[in-house]
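Have a look at the structure below, then the notes.
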Amino acid sequence: MTAPDPYATPAPAMDQAAHADGARSSLLRAAIWVAIGALIAAAVVCVLWELLGSQNDIIGRAFLTILLLVGFAGVAILDAHLAPTRPAWFALASMGSWIVALLLGAIMIWMPERYPWLGFSRFIQFLLIVLILQLVLLHVRFYLKAFQRYDTPFTRTVAVITISLVVALAALLIIPLAFGEWLFLADIYWRIVVAVAILAALGTALVPLVNVLFAPKKPHTHAAHAPLAPPTPYGALAAPAAPAAPAAPAAQELLPWPTYVDAVTPLPMLPDGSPDWNAYYTGYPSPGAHVFTAIEPTAHVEPQAAPAAPASTQPAAPAQHTTAPGYEGYPPPPPLPPRA
């Protein structure tokens with residue numbers, strides 16, 4: 001036997017997503033088999049009721065039974081197709097609600113009529129039963145989404161109690177609709193229905209209110225705006241800029257670099273990238289300034305030799321300052337850059 005290679009790549013673990021899909025498929029398969037069994041049971045109940053019950057309107061009831069079975073089969077197939085896009089518990093609950101509707105519908109079709117004129121009202125009551133079942137499903141689905149935003153022991157307890165109250169309220173409303181023709185419901189029954197409805201509404205409102213007060217808020221996403229580069233007043237001969245970012249903003253219109261009075265020779269650039277305005281007045285660049293074009297200073301004008309005079313009587317001639325070509329006297333002030 002060879003020892004295991006310590007450097008061998010470990011075998012990949014079982015994919016959790018595939019495992020979840022397998023569990024979902026098994027649950028849906030079980031739900032479909034339960035639906036098939038309910039369909040067979042409903043058909044057997046209808047047949048027995050037809051054989052043992054009265055013979056009133058047997059053809060009409062048989063036709064309604066066929067419609068009920070076909071409708072249930074179509075709904076079951078639709079739920080099976082929609083199951084992959086739904087949570088597993090919701091798919092099972094939806095199939096269970098249709099099974100309850102099927103059984104109640106079969107009972108209401110073949111149940112003896114206490115009053116002959118209540119045949120159409122049973123159809124309306126059956127539609128109300130289906131509506132109540134679907135509203136309960138939607139309530140539970142949205143309520144659980146709100147609960148999952150802020151899961152605490154308090155909200156978990158409130159959610160369990162509220163869902164139980166909602167299911168109980170649905171059962172209390174369905175019983176009179178399905179069997180109210182043969183049941184006598186006392187006043188206390190409707191008092192209990194109202195109390196359960198109030199408590200269910202209270203629990204339904206508690207979880208969203210707790211979320212508003214204590215649940216972490218979702219971060220607001222704003223459009224990312226890249227910071228604009230500082231305005232470059234003189235872009236023609238500006239200092240070397242850093243490499244542009246991948247998402248750089250549109251290039252701004254660059255202003256011309258200032259020049260001397262001759263409008264040709266550019267001013268030197270200081271180390272910070274700004275023009276050397278001092279050179280505009282003196283004609284010479286400041287120490288450390290970068291000169292783009294060499295400036296040839298005007299030759300010094302030597303004064304003509306004059307007859308020597310005694311030091312006490314002949315004053316010394318003032319020294320003449322040299323300026324750059326074309327800078328006699330004081331030049332006009334530099335133009336201001338345009339304002340936005």
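Within each chain, counting starts at residue 1; across the structure tokens, chains are named A, B, ... in the order shown, with ligands numbered 1 upward in that order.
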
Report as a list in words all protein, DNA and RNA residues lying within 12 Å of Phe179 of chain A, evaluated on only C-alpha atoms, omitting residues in the same chain fewer than 4 positions from it.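 Near Phe179 of chain A, the qualifying residues are Leu104, Gly105, Ile107, Met108, Ile109, Met111, Pro112, Glu113, Arg114, Arg122, Gln125, Phe126, Ile129, Ala171, Leu172, Leu173, Ile174, Ile175, Leu183, Phe184 and Leu185 of chain A.
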
Go ahead and save the picked residues with N, CA and C atoms, as a PDB file, in the first residue's frame.
```pdb
ATOM      1  N   LEU A 104     -62.413  19.959  -0.558  1.00  0.00           N
ATOM      2  CA  LEU A 104     -63.590  20.734  -0.176  1.00  0.00           C
ATOM      3  C   LEU A 104     -64.541  20.897  -1.358  1.00  0.00           C
ATOM      4  N   GLY A 105     -63.988  21.074  -2.551  1.00  0.00           N
ATOM      5  CA  GLY A 105     -64.841  21.196  -3.726  1.00  0.00           C
ATOM      6  C   GLY A 105     -65.623  19.932  -3.999  1.00  0.00           C
ATOM      7  N   ILE A 107     -66.495  17.678  -1.786  1.00  0.00           N
ATOM      8  CA  ILE A 107     -67.523  17.549  -0.749  1.00  0.00           C
ATOM      9  C   ILE A 107     -68.694  18.492  -1.019  1.00  0.00           C
ATOM     10  N   MET A 108     -68.380  19.714  -1.432  1.00  0.00           N
ATOM     11  CA  MET A 108     -69.457  20.680  -1.676  1.00  0.00           C
ATOM     12  C   MET A 108     -70.299  20.296  -2.892  1.00  0.00           C
ATOM     13  N   ILE A 109     -69.691  19.623  -3.855  1.00  0.00           N
ATOM     14  CA  ILE A 109     -70.465  19.218  -5.039  1.00  0.00           C
ATOM     15  C   ILE A 109     -71.455  18.120  -4.694  1.00  0.00           C
ATOM     16  N   MET A 111     -72.343  17.041  -1.563  1.00  0.00           N
ATOM     17  CA  MET A 111     -73.060  17.162  -0.302  1.00  0.00           C
ATOM     18  C   MET A 111     -74.535  17.458  -0.576  1.00  0.00           C
ATOM     19  N   PRO A 112     -75.441  16.817   0.141  1.00  0.00           N
ATOM     20  CA  PRO A 112     -76.866  17.074  -0.113  1.00  0.00           C
ATOM     21  C   PRO A 112     -77.220  18.537   0.111  1.00  0.00           C
ATOM     22  N   GLU A 113     -78.136  19.014  -0.696  1.00  0.00           N
ATOM     23  CA  GLU A 113     -78.555  20.404  -0.592  1.00  0.00           C
ATOM     24  C   GLU A 113     -79.701  20.523   0.413  1.00  0.00           C
ATOM     25  N   ARG A 114     -79.521  21.404   1.359  1.00  0.00           N
ATOM     26  CA  ARG A 114     -80.578  21.628   2.332  1.00  0.00           C
ATOM     27  C   ARG A 114     -81.703  22.454   1.738  1.00  0.00           C
ATOM     28  N   ARG A 122     -73.142  27.778  -3.677  1.00  0.00           N
ATOM     29  CA  ARG A 122     -72.003  26.911  -3.350  1.00  0.00           C
ATOM     30  C   ARG A 122     -70.813  27.189  -4.269  1.00  0.00           C
ATOM     31  N   GLN A 125     -69.207  30.260  -2.962  1.00  0.00           N
ATOM     32  CA  GLN A 125     -68.490  29.961  -1.723  1.00  0.00           C
ATOM     33  C   GLN A 125     -67.195  29.206  -1.997  1.00  0.00           C
ATOM     34  N   PHE A 126     -67.221  28.321  -2.995  1.00  0.00           N
ATOM     35  CA  PHE A 126     -65.989  27.602  -3.340  1.00  0.00           C
ATOM     36  C   PHE A 126     -64.924  28.570  -3.870  1.00  0.00           C
ATOM     37  N   ILE A 129     -63.389  30.261  -1.002  1.00  0.00           N
ATOM     38  CA  ILE A 129     -62.442  29.389  -0.301  1.00  0.00           C
ATOM     39  C   ILE A 129     -61.084  29.391  -0.999  1.00  0.00           C
ATOM     40  N   ALA A 171     -58.938  28.926   8.514  1.00  0.00           N
ATOM     41  CA  ALA A 171     -59.784  27.761   8.790  1.00  0.00           C
ATOM     42  C   ALA A 171     -61.140  28.185   9.352  1.00  0.00           C
ATOM     43  N   LEU A 172     -61.141  29.189  10.227  1.00  0.00           N
ATOM     44  CA  LEU A 172     -62.403  29.663  10.793  1.00  0.00           C
ATOM     45  C   LEU A 172     -63.303  30.292   9.738  1.00  0.00           C
ATOM     46  N   LEU A 173     -62.715  30.865   8.706  1.00  0.00           N
ATOM     47  CA  LEU A 173     -63.532  31.447   7.631  1.00  0.00           C
ATOM     48  C   LEU A 173     -63.985  30.400   6.615  1.00  0.00           C
ATOM     49  N   ILE A 174     -63.186  29.363   6.429  1.00  0.00           N
ATOM     50  CA  ILE A 174     -63.527  28.345   5.435  1.00  0.00           C
ATOM     51  C   ILE A 174     -64.647  27.429   5.939  1.00  0.00           C
ATOM     52  N   ILE A 175     -64.655  27.135   7.228  1.00  0.00           N
ATOM     53  CA  ILE A 175     -65.672  26.213   7.758  1.00  0.00           C
ATOM     54  C   ILE A 175     -67.086  26.709   7.487  1.00  0.00           C
ATOM     55  N   LEU A 183     -74.490  23.659   9.393  1.00  0.00           N
ATOM     56  CA  LEU A 183     -73.993  23.951  10.736  1.00  0.00           C
ATOM     57  C   LEU A 183     -74.713  25.159  11.309  1.00  0.00           C
ATOM     58  N   PHE A 184     -74.890  25.130  12.627  1.00  0.00           N
ATOM     59  CA  PHE A 184     -75.418  26.294  13.329  1.00  0.00           C
ATOM     60  C   PHE A 184     -74.284  26.862  14.175  1.00  0.00           C
ATOM     61  N   LEU A 185     -73.782  28.004  13.783  1.00  0.00           N
ATOM     62  CA  LEU A 185     -72.642  28.626  14.457  1.00  0.00           C
ATOM     63  C   LEU A 185     -73.157  29.666  15.437  1.00  0.00           C
TER      64      LEU A 185
END
```

Which residues are near Pro275 of chain A? Cut-off 8 Å, only C-alpha atoms, ignore same chain within fewer than 4 positions. Put them as a ChimeraX atom specification.
/A:257-258,267-270

Skip Val291 of chain A itself and residues of its chain fewer than 4 positions away, then list as a short mmCIF file (atom, residue, chain, number, x, y, z; two decimals) with N, CA and C atoms, in the first residue's frame all residues within 12 Å of it, counting only C-alpha atoms.
```cif
data_model
loop_
_atom_site.label_atom_id
_atom_site.label_comp_id
_atom_site.auth_asym_id
_atom_site.auth_seq_id
_atom_site.Cartn_x
_atom_site.Cartn_y
_atom_site.Cartn_z
N LEU A 237 1.71 74.68 -21.56
CA LEU A 237 3.04 74.34 -21.08
C LEU A 237 2.96 74.03 -19.59
N THR A 259 2.84 84.87 -22.11
CA THR A 259 4.11 85.21 -22.78
C THR A 259 4.57 86.58 -22.32
N THR A 265 7.54 84.92 -26.85
CA THR A 265 8.39 84.22 -25.89
C THR A 265 7.58 83.83 -24.67
N PRO A 266 7.47 82.52 -24.34
CA PRO A 266 6.69 82.11 -23.17
C PRO A 266 7.42 82.44 -21.89
N LEU A 267 6.66 82.70 -20.86
CA LEU A 267 7.25 82.95 -19.55
C LEU A 267 7.83 81.67 -18.99
N PRO A 268 8.85 81.77 -18.16
CA PRO A 268 9.37 80.56 -17.50
C PRO A 268 8.33 79.97 -16.56
N MET A 269 8.56 78.71 -16.18
CA MET A 269 7.64 78.01 -15.29
C MET A 269 8.33 77.74 -13.97
N LEU A 270 7.68 78.12 -12.87
CA LEU A 270 8.20 77.86 -11.54
C LEU A 270 8.09 76.38 -11.21
N PRO A 271 8.79 75.92 -10.17
CA PRO A 271 8.72 74.49 -9.81
C PRO A 271 7.31 73.99 -9.51
N GLY A 273 4.68 74.74 -11.17
CA GLY A 273 3.90 74.69 -12.38
C GLY A 273 3.21 75.98 -12.75
N PRO A 275 3.20 80.14 -13.86
CA PRO A 275 4.08 81.03 -14.64
C PRO A 275 4.91 81.93 -13.73
N ASP A 276 6.07 82.28 -14.21
CA ASP A 276 6.98 83.18 -13.48
C ASP A 276 6.63 84.62 -13.84
N ALA A 279 9.38 87.31 -13.90
CA ALA A 279 10.18 87.47 -15.11
C ALA A 279 9.50 88.39 -16.12
N GLY A 283 12.32 90.69 -16.83
CA GLY A 283 12.97 90.21 -18.04
C GLY A 283 13.87 89.04 -17.80
N TYR A 284 14.04 88.60 -16.56
CA TYR A 284 14.92 87.49 -16.23
C TYR A 284 14.14 86.47 -15.42
N PRO A 285 14.39 85.17 -15.66
CA PRO A 285 13.67 84.14 -14.89
C PRO A 285 14.10 84.14 -13.44
N SER A 286 13.19 83.75 -12.58
CA SER A 286 13.50 83.62 -11.16
C SER A 286 14.37 82.40 -10.94
N PRO A 287 15.10 82.35 -9.81
CA PRO A 287 15.94 81.18 -9.53
C PRO A 287 15.10 79.91 -9.46
N ILE A 295 16.55 83.17 -23.45
CA ILE A 295 16.40 84.62 -23.56
C ILE A 295 17.79 85.23 -23.60
N GLU A 296 18.04 85.94 -24.66
CA GLU A 296 19.34 86.58 -24.81
C GLU A 296 19.25 88.00 -24.27
#
```

Open item on the list: Give me the residues near Leu64 of chain A as a list of chain:residue names, where near means some atom within 10 Å (using only C-alpha atoms) and where sequence neighbours in that chain fewer than 3 positions away do not count.
Closed with: A:Ile58, A:Ile59, A:Gly60, A:Arg61, A:Leu67, A:Leu68, A:Leu69, A:Val70, A:Gly105, A:Ala106, A:Ile109, A:Trp110, A:Phe123

Just to be explicit: take each residue in the selection above, keep all heavy atoms, and write the result as an mmCIF file, in the first residue's frame.
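Here's the written file result.cif:
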```cif
data_model
loop_
_atom_site.group_PDB
_atom_site.id
_atom_site.type_symbol
_atom_site.label_atom_id
_atom_site.label_comp_id
_atom_site.auth_asym_id
_atom_site.auth_seq_id
_atom_site.Cartn_x
_atom_site.Cartn_y
_atom_site.Cartn_z
ATOM 1 N N ILE A 58 -77.783 14.409 -10.670
ATOM 2 C CA ILE A 58 -76.574 13.597 -10.717
ATOM 3 C C ILE A 58 -75.717 13.945 -11.929
ATOM 4 O O ILE A 58 -74.481 13.904 -11.866
ATOM 5 C CB ILE A 58 -76.948 12.101 -10.693
ATOM 6 C CG1 ILE A 58 -75.687 11.257 -10.537
ATOM 7 C CG2 ILE A 58 -77.701 11.705 -11.957
ATOM 8 C CD1 ILE A 58 -75.983 9.796 -10.332
ATOM 9 N N ILE A 59 -76.339 14.297 -13.033
ATOM 10 C CA ILE A 59 -75.565 14.626 -14.241
ATOM 11 C C ILE A 59 -74.798 15.934 -14.045
ATOM 12 O O ILE A 59 -73.619 16.037 -14.386
ATOM 13 C CB ILE A 59 -76.512 14.715 -15.452
ATOM 14 C CG1 ILE A 59 -77.171 13.354 -15.707
ATOM 15 C CG2 ILE A 59 -75.745 15.174 -16.680
ATOM 16 C CD1 ILE A 59 -78.152 13.352 -16.850
ATOM 17 N N GLY A 60 -75.476 16.937 -13.487
ATOM 18 C CA GLY A 60 -74.804 18.210 -13.248
ATOM 19 C C GLY A 60 -73.658 18.079 -12.276
ATOM 20 O O GLY A 60 -72.579 18.661 -12.466
ATOM 21 N N ARG A 61 -73.842 17.293 -11.230
ATOM 22 C CA ARG A 61 -72.763 17.113 -10.252
ATOM 23 C C ARG A 61 -71.590 16.347 -10.864
ATOM 24 O O ARG A 61 -70.426 16.621 -10.559
ATOM 25 C CB ARG A 61 -73.314 16.372 -9.037
ATOM 26 C CG ARG A 61 -74.343 17.179 -8.254
ATOM 27 C CD ARG A 61 -74.761 16.453 -7.000
ATOM 28 N NE ARG A 61 -75.767 17.215 -6.274
ATOM 29 C CZ ARG A 61 -76.205 16.916 -5.053
ATOM 30 N NH1 ARG A 61 -75.726 15.829 -4.440
ATOM 31 N NH2 ARG A 61 -77.122 17.660 -4.462
ATOM 32 N N LEU A 67 -65.003 18.795 -14.116
ATOM 33 C CA LEU A 67 -64.344 20.100 -14.216
ATOM 34 C C LEU A 67 -63.388 20.332 -13.047
ATOM 35 O O LEU A 67 -62.279 20.861 -13.222
ATOM 36 C CB LEU A 67 -65.392 21.214 -14.263
ATOM 37 C CG LEU A 67 -66.207 21.348 -15.551
ATOM 38 C CD1 LEU A 67 -67.178 22.520 -15.429
ATOM 39 C CD2 LEU A 67 -65.290 21.551 -16.748
ATOM 40 N N LEU A 68 -63.803 19.940 -11.852
ATOM 41 C CA LEU A 68 -62.945 20.119 -10.676
ATOM 42 C C LEU A 68 -61.670 19.295 -10.793
ATOM 43 O O LEU A 68 -60.561 19.789 -10.515
ATOM 44 C CB LEU A 68 -63.720 19.724 -9.414
ATOM 45 C CG LEU A 68 -62.966 19.815 -8.099
ATOM 46 C CD1 LEU A 68 -62.615 21.264 -7.800
ATOM 47 C CD2 LEU A 68 -63.792 19.212 -6.963
ATOM 48 N N LEU A 69 -61.781 18.045 -11.225
ATOM 49 C CA LEU A 69 -60.601 17.191 -11.347
ATOM 50 C C LEU A 69 -59.665 17.688 -12.438
ATOM 51 O O LEU A 69 -58.431 17.701 -12.268
ATOM 52 C CB LEU A 69 -61.031 15.753 -11.628
ATOM 53 C CG LEU A 69 -61.885 15.079 -10.537
ATOM 54 C CD1 LEU A 69 -62.257 13.666 -10.972
ATOM 55 C CD2 LEU A 69 -61.151 15.053 -9.221
ATOM 56 N N VAL A 70 -60.226 18.100 -13.558
ATOM 57 C CA VAL A 70 -59.382 18.613 -14.645
ATOM 58 C C VAL A 70 -58.693 19.908 -14.215
ATOM 59 O O VAL A 70 -57.504 20.130 -14.486
ATOM 60 C CB VAL A 70 -60.224 18.823 -15.916
ATOM 61 C CG1 VAL A 70 -59.420 19.553 -16.987
ATOM 62 C CG2 VAL A 70 -60.703 17.482 -16.450
ATOM 63 N N GLY A 105 -63.988 21.074 -2.551
ATOM 64 C CA GLY A 105 -64.841 21.196 -3.726
ATOM 65 C C GLY A 105 -65.623 19.932 -3.999
ATOM 66 O O GLY A 105 -66.824 19.973 -4.341
ATOM 67 N N ALA A 106 -64.968 18.779 -3.842
ATOM 68 C CA ALA A 106 -65.670 17.515 -4.065
ATOM 69 C C ALA A 106 -66.782 17.319 -3.034
ATOM 70 O O ALA A 106 -67.891 16.853 -3.362
ATOM 71 C CB ALA A 106 -64.670 16.360 -3.996
ATOM 72 N N ILE A 109 -69.691 19.623 -3.855
ATOM 73 C CA ILE A 109 -70.465 19.218 -5.039
ATOM 74 C C ILE A 109 -71.455 18.120 -4.694
ATOM 75 O O ILE A 109 -72.639 18.140 -5.102
ATOM 76 C CB ILE A 109 -69.512 18.783 -6.167
ATOM 77 C CG1 ILE A 109 -68.770 19.995 -6.745
ATOM 78 C CG2 ILE A 109 -70.285 18.073 -7.277
ATOM 79 C CD1 ILE A 109 -67.718 19.642 -7.765
ATOM 80 N N TRP A 110 -70.995 17.124 -3.913
ATOM 81 C CA TRP A 110 -71.833 15.950 -3.657
ATOM 82 C C TRP A 110 -72.550 16.006 -2.314
ATOM 83 O O TRP A 110 -73.295 15.080 -1.973
ATOM 84 C CB TRP A 110 -70.974 14.689 -3.729
ATOM 85 C CG TRP A 110 -70.512 14.426 -5.133
ATOM 86 C CD1 TRP A 110 -69.314 14.768 -5.668
ATOM 87 C CD2 TRP A 110 -71.258 13.804 -6.161
ATOM 88 N NE1 TRP A 110 -69.249 14.391 -6.980
ATOM 89 C CE2 TRP A 110 -70.447 13.790 -7.318
ATOM 90 C CE3 TRP A 110 -72.546 13.246 -6.249
ATOM 91 C CZ2 TRP A 110 -70.859 13.249 -8.517
ATOM 92 C CZ3 TRP A 110 -72.957 12.700 -7.449
ATOM 93 C CH2 TRP A 110 -72.124 12.711 -8.560
ATOM 94 N N PHE A 123 -71.102 27.461 -5.522
ATOM 95 C CA PHE A 123 -70.004 27.785 -6.447
ATOM 96 C C PHE A 123 -69.298 29.068 -6.010
ATOM 97 O O PHE A 123 -68.051 29.139 -6.018
ATOM 98 C CB PHE A 123 -70.559 27.927 -7.871
ATOM 99 C CG PHE A 123 -69.532 28.330 -8.876
ATOM 100 C CD1 PHE A 123 -68.556 27.439 -9.293
ATOM 101 C CD2 PHE A 123 -69.529 29.620 -9.403
ATOM 102 C CE1 PHE A 123 -67.601 27.810 -10.224
ATOM 103 C CE2 PHE A 123 -68.573 29.994 -10.330
ATOM 104 C CZ PHE A 123 -67.609 29.095 -10.741
#
```

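Between atom CA of Asp151 of chain A and atom CA of Gly96 of chain A lies a distance of 26.9 Å.
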
So, with only C-alpha atoms as the atoms that count, which of A:Leu165, A:Ala146, A:Val194, A:Leu78 lies closest to Asn211 of chain A?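 Going through A:Leu165, A:Ala146, A:Val194, A:Leu78 one by one, the smallest distance to Asn211 of chain A is for A:Ala146.
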
In Å, rounded to a single decimal, give me how far atom CA of Thr152 of chain A is from atom CA of Ala168 of chain A.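 Rounded to one decimal, the two atoms are 24.1 Å apart.
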
- Between atom CA of Val160 of chain A and atom CA of Gly203 of chain A, distance in Å (one decimal):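 Between atom CA of Val160 of chain A and atom CA of Gly203 of chain A the gap works out to 9.4 Å.
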